[in-house]
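Raw my_file_17.cif, mmCIF, C-alpha atoms (C1' of nucleotides):
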```
data_entry
loop_
_atom_site.label_atom_id
_atom_site.label_comp_id
_atom_site.auth_asym_id
_atom_site.auth_seq_id
_atom_site.Cartn_x
_atom_site.Cartn_y
_atom_site.Cartn_z
CA MET A 1002 -13.05 2.21 5.27
CA SER A 1003 -9.90 0.24 6.03
CA ILE A 1004 -8.69 -3.28 5.91
CA LYS A 1005 -10.35 -4.00 9.24
CA TYR A 1006 -13.72 -5.02 7.86
CA ALA A 1007 -12.15 -7.38 5.38
CA ILE A 1008 -10.30 -9.01 8.27
CA LEU A 1009 -13.54 -9.29 10.22
CA GLY A 1010 -15.07 -10.82 7.12
CA PHE A 1011 -12.49 -13.57 6.88
CA LEU A 1012 -12.69 -14.21 10.59
CA SER A 1013 -16.47 -14.53 10.34
CA TRP A 1014 -15.77 -17.78 8.51
CA THR A 1015 -13.23 -19.26 10.87
CA PRO A 1016 -10.51 -18.28 13.38
CA LEU A 1017 -7.18 -17.40 11.76
CA THR A 1018 -3.70 -16.12 12.50
CA GLY A 1019 -2.16 -12.98 11.04
CA TYR A 1020 -0.09 -15.16 8.79
CA ASP A 1021 -3.17 -16.94 7.50
CA LEU A 1022 -4.79 -13.60 6.73
CA LYS A 1023 -1.69 -12.41 4.94
CA LYS A 1024 -1.91 -15.36 2.60
CA LEU A 1025 -5.63 -14.92 2.08
CA PHE A 1026 -5.13 -11.31 1.03
CA GLU A 1027 -2.36 -12.33 -1.33
CA GLU A 1028 -4.62 -14.88 -3.00
CA ALA A 1029 -7.73 -12.76 -3.11
CA ALA A 1030 -6.86 -10.62 -6.10
CA VAL A 1031 -10.37 -9.19 -6.09
CA PHE A 1032 -9.43 -7.00 -3.16
CA HIS A 1033 -6.96 -4.21 -3.54
CA TRP A 1034 -4.57 -5.20 -0.81
CA SER A 1035 -1.21 -6.73 -1.47
CA GLY A 1036 -1.18 -8.72 1.75
CA ASN A 1037 1.43 -6.70 3.56
CA ASN A 1038 2.31 -7.45 7.15
CA ASN A 1039 2.34 -4.05 8.64
CA GLN A 1040 -1.31 -3.32 8.14
CA ILE A 1041 -2.60 -6.75 9.08
CA TYR A 1042 -0.74 -7.19 12.33
CA LYS A 1043 -1.52 -3.65 13.44
CA ALA A 1044 -5.18 -3.99 12.55
CA LEU A 1045 -5.41 -7.25 14.50
CA VAL A 1046 -3.99 -5.60 17.62
CA GLU A 1047 -6.49 -2.77 17.32
CA LEU A 1048 -9.47 -5.00 16.65
CA HIS A 1049 -8.46 -7.05 19.67
CA ASN A 1050 -8.19 -3.91 21.83
CA ASP A 1051 -11.66 -2.91 20.69
CA GLY A 1052 -13.04 -6.23 21.84
CA LEU A 1053 -14.03 -7.36 18.36
CA LEU A 1054 -11.63 -10.31 18.49
CA THR A 1055 -10.37 -12.71 21.10
CA LEU A 1056 -6.87 -14.10 21.05
CA GLU A 1057 -5.47 -17.52 21.80
CA VAL A 1058 -1.69 -17.92 21.89
CA GLN A 1059 -0.25 -21.32 20.99
CA PRO A 1060 3.44 -21.52 21.91
CA GLN A 1061 5.61 -23.53 19.55
CA ALA A 1062 9.12 -24.85 19.95
CA ASP A 1063 11.63 -22.93 17.81
CA ARG A 1064 8.95 -20.82 16.06
CA PRO A 1065 7.14 -17.68 17.06
CA PRO A 1066 3.92 -18.57 18.89
CA ARG A 1067 0.80 -18.77 16.75
CA LYS A 1068 -1.71 -16.11 17.67
CA ILE A 1069 -5.14 -17.33 16.72
CA TYR A 1070 -7.80 -14.65 16.48
CA THR A 1071 -11.49 -15.43 16.85
CA ILE A 1072 -14.28 -12.98 16.11
CA THR A 1073 -16.53 -12.06 19.04
CA GLU A 1074 -20.23 -11.33 19.02
CA ARG A 1075 -19.44 -7.64 19.07
CA GLY A 1076 -17.16 -8.26 16.11
CA MET A 1077 -19.94 -10.01 14.21
CA ALA A 1078 -22.27 -7.14 15.04
CA ALA A 1079 -19.72 -4.56 13.84
CA LEU A 1080 -19.25 -6.45 10.60
CA ARG A 1081 -22.97 -6.70 10.05
CA ALA A 1082 -23.49 -3.01 10.74
CA TRP A 1083 -20.82 -2.18 8.20
CA LEU A 1084 -22.31 -4.51 5.61
CA LEU A 1085 -25.56 -2.58 5.93
CA SER A 1086 -23.93 0.86 5.73
CA ALA A 1087 -23.99 2.99 2.60
CA PRO A 1088 -21.46 1.81 -0.01
CA GLU A 1089 -18.62 4.13 -0.96
CA LEU A 1090 -18.02 5.05 -4.54
CA PRO A 1091 -15.05 3.29 -6.12
CA GLN A 1092 -11.75 5.13 -6.01
CA VAL A 1093 -9.96 4.94 -9.31
CA LYS A 1094 -6.47 6.23 -9.92
CA GLN A 1095 -5.68 6.28 -13.59
CA THR A 1096 -2.13 7.44 -14.06
CA PHE A 1097 -2.55 6.62 -17.70
CA LEU A 1098 -5.21 9.31 -18.07
CA VAL A 1099 -2.76 11.89 -16.75
CA GLN A 1100 -0.30 10.77 -19.38
CA LEU A 1101 -2.97 11.07 -22.06
CA ALA A 1102 -3.91 14.54 -20.88
CA TRP A 1103 -0.59 15.88 -22.14
CA ALA A 1104 0.06 13.28 -24.79
CA ASP A 1105 -0.56 15.90 -27.46
CA GLN A 1106 3.10 16.72 -26.94
CA LEU A 1107 3.97 13.36 -28.48
CA SER A 1108 4.28 12.58 -32.15
CA PRO A 1109 1.64 10.29 -33.69
CA PRO A 1110 3.88 7.19 -33.62
CA GLU A 1111 4.95 7.93 -30.04
CA LEU A 1112 1.31 8.24 -28.98
CA GLU A 1113 0.46 5.05 -30.80
CA ALA A 1114 3.25 3.23 -28.98
CA LEU A 1115 1.91 4.48 -25.66
CA LEU A 1116 -1.59 3.23 -26.45
CA ASN A 1117 -0.20 -0.12 -27.53
CA GLN A 1118 1.70 -0.53 -24.29
CA TYR A 1119 -1.36 0.24 -22.23
CA ASP A 1120 -3.48 -2.15 -24.23
CA GLU A 1121 -0.94 -4.90 -23.80
CA GLU A 1122 -0.88 -4.41 -20.04
CA LEU A 1123 -4.66 -4.56 -19.91
CA ARG A 1124 -4.67 -7.70 -22.03
CA VAL A 1125 -2.25 -9.50 -19.73
CA GLN A 1126 -4.15 -8.48 -16.63
CA LEU A 1127 -7.42 -9.57 -18.15
CA LEU A 1128 -6.00 -12.96 -19.01
CA MET A 1129 -4.75 -13.35 -15.46
CA PHE A 1130 -8.18 -12.73 -14.01
CA GLN A 1131 -9.87 -14.97 -16.52
CA THR A 1132 -7.65 -17.96 -15.79
CA HIS A 1133 -7.79 -17.18 -12.08
CA ARG A 1134 -11.54 -17.36 -12.32
CA GLU A 1135 -11.64 -20.84 -13.82
CA ARG A 1136 -10.02 -22.42 -10.83
CA GLY A 1137 -12.50 -20.75 -8.46
CA LYS A 1138 -9.90 -19.91 -5.83
CA VAL A 1139 -10.12 -18.70 -2.23
CA SER A 1140 -11.89 -20.11 0.71
CA PRO A 1141 -14.83 -22.19 1.85
CA ARG A 1142 -18.02 -20.77 0.45
CA ARG A 1143 -21.06 -22.61 1.61
CA THR A 1144 -24.24 -21.28 0.07
CA THR A 1145 -25.12 -20.93 -3.58
CA ARG A 1146 -25.63 -17.26 -3.07
CA GLU A 1147 -22.19 -16.76 -1.54
CA ALA A 1148 -20.54 -18.69 -4.36
CA TYR A 1149 -22.44 -16.56 -6.84
CA LEU A 1150 -21.40 -13.32 -5.17
CA TRP A 1151 -17.74 -14.29 -5.14
CA ASP A 1152 -17.91 -15.21 -8.78
CA MET A 1153 -19.40 -11.81 -9.51
CA LEU A 1154 -16.49 -10.12 -7.71
CA MET A 1155 -14.17 -11.64 -10.26
CA ASP A 1156 -16.60 -10.78 -12.98
CA ASN A 1157 -16.50 -7.15 -11.93
CA TRP A 1158 -12.76 -6.99 -12.55
CA ILE A 1159 -13.04 -8.79 -15.85
CA ALA A 1160 -15.79 -6.44 -16.95
CA TYR A 1161 -13.64 -3.52 -15.88
CA TYR A 1162 -10.67 -4.53 -18.03
CA GLU A 1163 -12.85 -5.43 -20.97
CA ASN A 1164 -14.57 -2.08 -20.78
CA GLU A 1165 -11.23 -0.29 -20.57
CA ARG A 1166 -10.05 -2.06 -23.70
CA ARG A 1167 -13.21 -1.18 -25.58
CA TRP A 1168 -12.67 2.45 -24.63
CA LEU A 1169 -9.11 2.27 -25.90
CA GLU A 1170 -10.33 0.91 -29.19
CA ARG A 1171 -12.75 3.79 -29.55
CA LEU A 1172 -9.96 6.20 -28.69
CA ARG A 1173 -7.79 4.74 -31.42
CA ALA A 1174 -10.60 4.84 -33.96
CA GLY A 1175 -11.32 8.48 -33.14
CA LEU A 1176 -7.67 9.43 -33.39
CA SER A 1177 -7.23 7.93 -36.82
CA SER A 1178 -10.18 9.92 -38.15
CA LEU A 1179 -8.94 13.29 -36.90
CA PRO A 1180 -7.96 15.91 -39.51
CA PRO A 1181 -4.20 15.61 -40.26
CA GLU A 1182 -2.96 18.95 -38.83
CA GLY A 1183 -4.06 22.02 -36.84
CA GLU A 1184 -7.22 24.08 -36.27
CA PRO A 1185 -10.80 24.12 -35.00
CA MET B 997 3.90 8.32 -10.07
CA SER B 998 2.81 11.32 -8.06
CA ILE B 999 1.09 14.58 -8.58
CA LYS B 1000 4.32 16.10 -9.82
CA TYR B 1001 3.86 15.20 -13.46
CA ALA B 1002 0.36 16.57 -13.51
CA ILE B 1003 1.75 19.85 -12.16
CA LEU B 1004 4.44 19.85 -14.84
CA GLY B 1005 1.68 19.20 -17.36
CA PHE B 1006 -0.32 22.25 -16.33
CA LEU B 1007 2.82 24.38 -16.23
CA SER B 1008 3.72 23.21 -19.73
CA TRP B 1009 0.77 25.34 -20.86
CA THR B 1010 1.53 28.49 -18.91
CA PRO B 1011 3.17 29.73 -15.69
CA LEU B 1012 0.97 29.42 -12.62
CA THR B 1013 0.89 29.86 -8.85
CA GLY B 1014 0.18 27.15 -6.32
CA TYR B 1015 -3.24 28.63 -5.81
CA ASP B 1016 -3.98 28.49 -9.54
CA LEU B 1017 -2.99 24.84 -9.59
CA LYS B 1018 -5.17 24.10 -6.61
CA LYS B 1019 -8.17 25.43 -8.49
CA LEU B 1020 -7.27 23.58 -11.65
CA PHE B 1021 -7.11 20.29 -9.76
CA GLU B 1022 -10.44 21.03 -8.12
CA GLU B 1023 -12.06 21.61 -11.50
CA ALA B 1024 -10.40 18.76 -13.32
CA ALA B 1025 -12.59 15.94 -12.07
CA VAL B 1026 -10.93 13.57 -14.52
CA PHE B 1027 -7.93 13.41 -12.26
CA HIS B 1028 -8.13 11.75 -8.92
CA TRP B 1029 -6.83 14.62 -6.81
CA SER B 1030 -9.05 16.73 -4.63
CA GLY B 1031 -6.89 19.82 -4.99
CA ASN B 1032 -5.48 19.85 -1.51
CA ASN B 1033 -2.82 22.34 -0.53
CA ASN B 1034 -0.38 20.19 1.24
CA GLN B 1035 0.61 18.12 -1.74
CA ILE B 1036 0.71 20.94 -4.25
CA TYR B 1037 2.82 23.40 -2.30
CA LYS B 1038 5.25 20.69 -1.23
CA ALA B 1039 5.55 19.34 -4.75
CA LEU B 1040 6.24 22.83 -6.10
CA VAL B 1041 9.07 23.34 -3.63
CA GLU B 1042 10.58 20.00 -4.60
CA LEU B 1043 10.21 20.53 -8.33
CA HIS B 1044 11.87 23.91 -7.86
CA ASN B 1045 14.73 22.38 -5.90
CA ASP B 1046 15.19 19.85 -8.68
CA GLY B 1047 15.55 22.65 -11.21
CA LEU B 1048 12.43 21.69 -13.14
CA LEU B 1049 10.75 25.01 -12.32
CA THR B 1050 11.83 28.61 -11.87
CA LEU B 1051 10.16 30.91 -9.41
CA GLU B 1052 9.21 34.56 -9.60
CA VAL B 1053 7.91 36.21 -6.44
CA GLN B 1054 5.50 39.11 -6.81
CA PRO B 1055 5.05 40.94 -3.50
CA GLN B 1056 1.56 42.28 -2.86
CA ALA B 1057 0.33 44.74 -0.28
CA ASP B 1058 -1.76 43.06 2.46
CA ARG B 1059 -1.67 39.63 0.77
CA PRO B 1060 0.85 36.86 0.73
CA PRO B 1061 3.20 37.32 -2.22
CA ARG B 1062 2.28 35.47 -5.38
CA LYS B 1063 4.82 32.81 -6.30
CA ILE B 1064 4.67 32.25 -10.00
CA TYR B 1065 6.25 29.03 -11.19
CA THR B 1066 7.52 28.56 -14.73
CA ILE B 1067 8.62 25.27 -16.20
CA THR B 1068 12.26 25.04 -17.30
CA GLU B 1069 13.71 23.16 -20.25
CA ARG B 1070 14.74 20.40 -17.88
CA GLY B 1071 11.17 20.38 -16.62
CA MET B 1072 9.82 20.01 -20.14
CA ALA B 1073 12.28 17.22 -20.80
CA ALA B 1074 11.27 15.43 -17.59
CA LEU B 1075 7.62 15.71 -18.53
CA ARG B 1076 8.27 14.38 -22.00
CA ALA B 1077 10.30 11.47 -20.70
CA TRP B 1078 7.47 10.56 -18.36
CA LEU B 1079 4.87 10.82 -21.12
CA LEU B 1080 6.87 8.26 -23.07
CA SER B 1081 7.34 5.89 -20.13
CA ALA B 1082 5.34 2.69 -19.71
CA PRO B 1083 1.80 3.36 -18.41
CA GLU B 1084 0.82 2.01 -15.01
CA LEU B 1085 -2.21 -0.17 -14.62
CA PRO B 1086 -5.18 1.61 -13.04
CA GLN B 1087 -5.51 1.28 -9.29
CA VAL B 1088 -9.08 0.58 -8.29
CA LYS B 1089 -10.31 0.43 -4.72
CA GLN B 1090 -13.77 -1.00 -4.57
CA THR B 1091 -14.94 -0.94 -0.99
CA PHE B 1092 -18.30 -2.05 -2.27
CA LEU B 1093 -16.82 -5.33 -3.49
CA VAL B 1094 -15.59 -6.03 0.03
CA GLN B 1095 -19.10 -5.47 1.30
CA LEU B 1096 -20.47 -7.81 -1.34
CA ALA B 1097 -17.94 -10.47 -0.44
CA TRP B 1098 -19.68 -11.01 2.89
CA ALA B 1099 -23.13 -9.84 1.90
CA ASP B 1100 -24.37 -13.40 2.11
CA GLN B 1101 -24.83 -12.60 5.79
CA LEU B 1102 -27.62 -10.21 4.80
CA SER B 1103 -31.24 -11.11 4.16
CA PRO B 1104 -32.50 -10.80 0.58
CA PRO B 1105 -34.24 -7.45 1.18
CA GLU B 1106 -31.17 -6.09 2.99
CA LEU B 1107 -28.94 -7.11 0.11
CA GLU B 1108 -31.35 -5.58 -2.36
CA ALA B 1109 -31.29 -2.31 -0.43
CA LEU B 1110 -27.50 -2.32 -0.55
CA LEU B 1111 -27.48 -2.83 -4.29
CA ASN B 1112 -30.03 -0.07 -4.73
CA GLN B 1113 -27.94 2.36 -2.76
CA TYR B 1114 -24.85 1.61 -4.78
CA ASP B 1115 -26.75 1.96 -8.03
CA GLU B 1116 -28.13 5.31 -6.96
CA GLU B 1117 -24.67 6.60 -6.10
CA LEU B 1118 -23.38 5.48 -9.48
CA ARG B 1119 -26.31 7.12 -11.21
CA VAL B 1120 -25.70 10.47 -9.54
CA GLN B 1121 -22.00 10.37 -10.27
CA LEU B 1122 -22.64 9.46 -13.89
CA LEU B 1123 -25.04 12.37 -14.29
CA MET B 1124 -22.45 14.70 -12.80
CA PHE B 1125 -19.84 13.67 -15.33
CA GLN B 1126 -22.27 13.83 -18.21
CA THR B 1127 -23.38 17.39 -17.49
CA HIS B 1128 -19.79 18.35 -16.68
CA ARG B 1129 -18.84 17.13 -20.11
CA GLU B 1130 -21.31 19.30 -21.99
CA ARG B 1131 -19.75 22.49 -20.82
CA GLY B 1132 -16.30 21.33 -21.93
CA LYS B 1133 -14.54 22.68 -18.87
CA VAL B 1134 -10.88 23.20 -17.96
CA SER B 1135 -8.18 25.09 -19.70
CA PRO B 1136 -6.92 26.28 -23.03
CA ARG B 1137 -6.62 23.42 -25.44
CA ARG B 1138 -5.24 24.42 -28.75
CA THR B 1139 -5.12 21.56 -31.18
CA THR B 1140 -7.93 19.33 -32.35
CA ARG B 1141 -6.06 16.36 -31.07
CA GLU B 1142 -5.65 17.80 -27.60
CA ALA B 1143 -9.33 18.69 -27.43
CA TYR B 1144 -10.18 15.17 -28.54
CA LEU B 1145 -7.93 13.58 -25.92
CA TRP B 1146 -9.43 15.65 -23.12
CA ASP B 1147 -12.90 14.72 -24.24
CA MET B 1148 -11.89 11.08 -24.14
CA LEU B 1149 -10.67 11.49 -20.55
CA MET B 1150 -14.19 12.41 -19.59
CA ASP B 1151 -15.51 9.64 -21.75
CA ASN B 1152 -13.37 7.16 -19.87
CA TRP B 1153 -15.09 8.02 -16.61
CA ILE B 1154 -18.52 7.94 -18.14
CA ALA B 1155 -17.78 4.55 -19.70
CA TYR B 1156 -16.55 3.36 -16.32
CA TYR B 1157 -19.74 4.24 -14.48
CA GLU B 1158 -21.94 2.93 -17.26
CA ASN B 1159 -20.07 -0.34 -17.24
CA GLU B 1160 -20.35 -0.58 -13.48
CA ARG B 1161 -24.10 -0.10 -13.69
CA ARG B 1162 -24.44 -2.76 -16.37
CA TRP B 1163 -22.52 -5.14 -14.13
CA LEU B 1164 -24.88 -4.36 -11.25
CA GLU B 1165 -27.85 -5.13 -13.44
CA ARG B 1166 -26.38 -8.49 -14.34
CA LEU B 1167 -25.71 -9.16 -10.68
CA ARG B 1168 -29.32 -8.42 -9.85
CA ALA B 1169 -30.61 -10.60 -12.65
CA GLY B 1170 -28.41 -13.49 -11.54
CA LEU B 1171 -29.50 -13.13 -7.93
CA SER B 1172 -33.16 -13.29 -8.74
CA SER B 1173 -32.70 -16.51 -10.67
CA LEU B 1174 -30.85 -18.33 -7.87
CA PRO B 1175 -32.55 -21.33 -6.23
CA PRO B 1176 -34.54 -20.12 -3.17
CA GLU B 1177 -32.56 -21.84 -0.36
CA GLY B 1178 -29.45 -23.89 0.35
CA GLU B 1179 -27.14 -26.30 -1.48
CA PRO B 1180 -24.98 -26.33 -4.72
"C1'" DC C 485 22.92 -25.12 -1.40
"C1'" DA C 486 19.46 -21.86 -2.27
"C1'" DA C 487 14.79 -20.84 -1.85
"C1'" DA C 488 10.33 -21.22 0.06
"C1'" DT C 489 7.39 -21.90 4.24
"C1'" DC C 490 6.18 -20.77 8.82
"C1'" DA C 491 5.30 -16.76 12.05
"C1'" DT C 492 5.97 -12.87 14.35
"C1'" DG C 493 7.02 -8.05 14.16
"C1'" DT C 494 9.36 -3.04 13.10
"C1'" DA C 495 11.10 0.96 10.19
"C1'" DA C 496 11.03 3.97 6.54
"C1'" DT C 497 8.70 6.02 2.95
"C1'" DG C 498 5.01 7.40 -0.31
"C1'" DT C 499 0.59 9.21 -1.14
"C1'" DG C 500 -3.45 11.50 0.06
"C1'" DT C 501 -7.06 13.87 3.01
"C1'" DT C 502 -8.95 17.19 6.43
"C1'" DA C 503 -8.42 20.76 9.31
"C1'" DC C 504 -6.04 24.72 11.09
"C1'" DA C 505 -3.75 29.46 10.69
"C1'" DT C 506 -3.49 34.28 8.89
"C1'" DG C 507 -5.72 38.46 7.14
"C1'" DA C 508 -7.58 41.73 3.80
"C1'" DT C 509 -11.36 42.26 0.32
"C1'" DT C 510 -15.40 41.61 -2.10
"C1'" DC C 511 -19.91 39.70 -2.90
"C1'" DG C 512 -24.64 38.29 -1.79
"C1'" DC D 928 -23.00 40.39 8.43
"C1'" DG D 929 -21.52 36.11 6.96
"C1'" DA D 930 -19.40 33.75 3.20
"C1'" DA D 931 -16.40 33.33 -0.58
"C1'" DT D 932 -12.02 34.70 -2.86
"C1'" DC D 933 -7.18 35.39 -2.77
"C1'" DA D 934 -2.68 33.24 -1.29
"C1'" DT D 935 0.45 31.25 1.39
"C1'" DG D 936 1.65 27.55 4.45
"C1'" DT D 937 1.64 23.77 8.61
"C1'" DA D 938 -0.07 19.79 11.47
"C1'" DA D 939 -2.19 15.63 12.20
"C1'" DC D 940 -3.74 11.58 10.55
"C1'" DA D 941 -5.14 7.58 7.37
"C1'" DC D 942 -3.90 4.23 4.30
"C1'" DA D 943 -0.62 1.42 1.81
"C1'" DT D 944 3.88 -0.38 0.17
"C1'" DT D 945 8.63 -2.18 0.49
"C1'" DA D 946 12.22 -3.66 2.99
"C1'" DC D 947 14.38 -5.32 7.12
"C1'" DA D 948 14.90 -8.67 11.18
"C1'" DT D 949 14.89 -13.38 13.29
"C1'" DG D 950 15.53 -18.34 12.87
"C1'" DA D 951 14.32 -23.22 12.25
"C1'" DT D 952 12.54 -26.53 8.64
"C1'" DT D 953 11.37 -28.33 4.41
"C1'" DT D 954 11.61 -28.60 -0.54
"C1'" DG D 955 13.64 -28.31 -5.18
#
```

As structure tokens - that is how I would like this structure written.
Amino acid sequence: MSIKYAILGFLSWTPLTGYDLKKLFEEAAVFHWSGNNNQIYKALVELHNDGLLTLEVQPQADRPPRKIYTITERGMAALRAWLLSAPELPQVKQTFLVQLAWADQLSPPELEALLNQYDEELRVQLLMFQTHRERGKVSPRRTTREAYLWDMLMDNWIAYYENERRWLERLRAGLSSLPPEGEP
Amino acid sequence: MSIKYAILGFLSWTPLTGYDLKKLFEEAAVFHWSGNNNQIYKALVELHNDGLLTLEVQPQADRPPRKIYTITERGMAALRAWLLSAPELPQVKQTFLVQLAWADQLSPPELEALLNQYDEELRVQLLMFQTHRERGKVSPRRTTREAYLWDMLMDNWIAYYENERRWLERLRAGLSSLPPEGEP
DNA sequence: CAAATCATGTAATGTGTTACATGATTCG
DNA sequence: CGAATCATGTAACACATTACATGATTTG
């Protein structure tokens, strides 16, 4: 896809500036974007050229003018069409798995240290999402269903990290019950 | 990271050509690379320039010469250093979650259809990995531990898809028990 | 006084994919 | 006879990140 549909999504709630969107992406940890300028401002220009957004410029003294983008009917239609389109499979990049693939070159304590580090990183991340969830951050959600869906977005990440840690535990257990050296 | 360490990993087993590596990446579904040329051939040139690989060219009649790359001691050291370095967190891009985020704009049957499609895609992918696992594909693994680790790579993916499907089920269950219309 | 906030934007770089190009050989 | 295999490589593009640039204002 691209970040464009997420932008259309936010704008389907209310008109926003590029700067507003940047902050929304930074807050919304459920999405995979860091909230970098380059993409957002470029995408806004393109969406505007495609007639999916309209633009109102508010000049300000001593600051750059605010450019407020509003979604058009065509924009709403494009968003809706995308919402109905076939979902993509998740894309997962697990550098850690590449490390593991050749981790047989490490000694048992070195491997153990590696696993411990990974587990610790997962633990921290999990904690972050869990606390983040309690203050139900980000944006005006209006229906029960919408609130539920957004909660489940968070839940997806939490479930992901929990599952990853369970897998690690199994990996550890299996390792410790391997025969001490060599063959089959 | 980059694909470079995975290449060093394969070459730590045995010398290979770019073409060999391409096929290995295509087979090794546990990694997230499609096995595209561009990256592999470029990476090989760079690794060679950095002195991590040596190169032997075997001319062939009527075919491009085979370029056989062998890992050097510096290459082995670089690989080992990377294996010991702190693991990165997984990078997950869930386009589907972005769709869900604004799926409140869909009618109940439309949303249900979306969930069904996603579930079906997960199911197919899961089946693929499960059958792939049975014929324990890819490469000469020599120690019990190495064989175990590679099996657990597969297992990680299977666990991922299974977890994702469980989450979907919970989502469905929660949806069906929401109040029919409106407020908090 | 330093840092964060507001608000726009550009430049450079990394990572990854698809498609194109060549050209003989072998397989279905 | 068309497709796949072998074997190299390039070109174009998509997506994403970090860092740079400007410049006033507010906050710690």

>> as a list in words, could you give me every residue of chain D near chain B (at most 9 Å apart, counting all atoms listed in the file)?
In response: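 Output check: DC933, DA934, DT935, DG936 and DT937 of chain D.
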
Show me, as a PDB file with C-alpha atoms (C1' of nucleotides), keeping the file's coordinate frame, the residues of chain C whose atoms get within 9 Å of chain A, using only C-alpha atoms (C1' of nucleotides) for the distance check.
```
ATOM      1  C1'  DC C 490       6.180 -20.770   8.820  1.00  0.00           C
ATOM      2  C1'  DA C 491       5.300 -16.760  12.050  1.00  0.00           C
ATOM      3  C1'  DT C 492       5.970 -12.870  14.350  1.00  0.00           C
ATOM      4  C1'  DG C 493       7.020  -8.050  14.160  1.00  0.00           C
ATOM      5  C1'  DT C 494       9.360  -3.040  13.100  1.00  0.00           C
TER       6       DT C 494
END
```

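The coordinates place CA of Glu1022 (chain B) at 24.0 Å from C1' of DG929 (chain D).
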
> Written as a list in words, which residues does the PyMOL selection byres ((chain A) within 6 of (chain B)) give for the file shown?
Replying inline: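 This file, filtered by the PyMOL selection byres ((chain A) within 6 of (chain B)), leaves His1033, Leu1084, Pro1088, Pro1091, Gln1092, Val1093, Lys1094, Gln1095, Phe1097, Gln1100, Asp1105, Tyr1119, Thr1144, Thr1145, Glu1147 and Gly1183 of chain A.
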
> Which value, in Å to one decimal, gives the distance between CA of Ala1039 (chain B) and CA of Lys1000 (chain B)?
Replying inline: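 Result for CA of Ala1039 (chain B) versus CA of Lys1000 (chain B): 6.1 Å, one decimal.
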
> Exactly which residues make up the result of the PyMOL selection byres ((chain D and resi 953) around 10) on this file, given as a PyMOL selection string?
Replying inline: (chain C and resi 488-489) or (chain D and resi 951-952+954-955)

If the PyMOL selection byres ((chain D and resi 939-947) around 9) were run on this exact file, what residues would it hold? Put them as a tab-separated table (two decimals) with C-alpha atoms (C1' of nucleotides), keeping the file's coordinate frame.
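What landed in out_7.tsv:
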```tsv
chain	number	residue	atom	x	y	z
A	1003	SER	CA	-9.90	0.24	6.03
A	1034	TRP	CA	-4.57	-5.20	-0.81
A	1035	SER	CA	-1.21	-6.73	-1.47
A	1037	ASN	CA	1.43	-6.70	3.56
A	1040	GLN	CA	-1.31	-3.32	8.14
C	494	DT	C1'	9.36	-3.04	13.10
C	495	DA	C1'	11.10	0.96	10.19
C	496	DA	C1'	11.03	3.97	6.54
C	497	DT	C1'	8.70	6.02	2.95
C	498	DG	C1'	5.01	7.40	-0.31
C	499	DT	C1'	0.59	9.21	-1.14
C	500	DG	C1'	-3.45	11.50	0.06
C	501	DT	C1'	-7.06	13.87	3.01
C	502	DT	C1'	-8.95	17.19	6.43
C	503	DA	C1'	-8.42	20.76	9.31
D	938	DA	C1'	-0.07	19.79	11.47
D	948	DA	C1'	14.90	-8.67	11.18
```

> What is the distance, in Å and to one decimal place, between C1' of DC928 (chain D) and C1' of DC511 (chain C)?
Replying inline: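 Interatomic distance here is 11.8 Å.
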
>> Here is a test: counting only C-alpha atoms (C1' of nucleotides), which residue of A:Glu1113, A:Asp1063, A:Glu1028, A:Ala1078 is nearest to DG950 (chain D)?
In response: A:Asp1063

>> Here is a test: counting only C-alpha atoms, which residue of A:Ala1062, A:Val1125, A:Thr1055, A:Ile1008 is nearest to Gly1036 (chain A)?
In response: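 Closest candidate: A:Ile1008.
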
File contents for region 931-949 of chain D with C-alpha atoms (C1' of nucleotides) as a PDB file, in the first residue's frame:
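What landed in part17.pdb:
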```
ATOM      1  C1'  DA D 931      12.706 -23.400 -17.463  1.00  0.00           C
ATOM      2  C1'  DT D 932      17.657 -23.465 -16.147  1.00  0.00           C
ATOM      3  C1'  DC D 933      22.074 -21.362 -16.010  1.00  0.00           C
ATOM      4  C1'  DA D 934      24.558 -16.902 -14.983  1.00  0.00           C
ATOM      5  C1'  DT D 935      25.632 -12.463 -15.123  1.00  0.00           C
ATOM      6  C1'  DG D 936      24.176  -7.750 -14.632  1.00  0.00           C
ATOM      7  C1'  DT D 937      21.376  -2.906 -15.050  1.00  0.00           C
ATOM      8  C1'  DA D 938      17.371   0.380 -14.628  1.00  0.00           C
ATOM      9  C1'  DA D 939      13.498   2.182 -12.617  1.00  0.00           C
ATOM     10  C1'  DC D 940      10.785   2.671  -8.887  1.00  0.00           C
ATOM     11  C1'  DA D 941       8.619   2.233  -4.071  1.00  0.00           C
ATOM     12  C1'  DC D 942       8.970   2.809   0.591  1.00  0.00           C
ATOM     13  C1'  DA D 943      11.155   4.475   4.750  1.00  0.00           C
ATOM     14  C1'  DT D 944      14.610   6.723   7.778  1.00  0.00           C
ATOM     15  C1'  DT D 945      17.768  10.354   9.436  1.00  0.00           C
ATOM     16  C1'  DA D 946      19.510  14.623   9.149  1.00  0.00           C
ATOM     17  C1'  DC D 947      19.526  19.326   7.614  1.00  0.00           C
ATOM     18  C1'  DA D 948      17.393  24.130   7.041  1.00  0.00           C
ATOM     19  C1'  DT D 949      14.706  28.202   8.735  1.00  0.00           C
TER      20       DT D 949
END
```
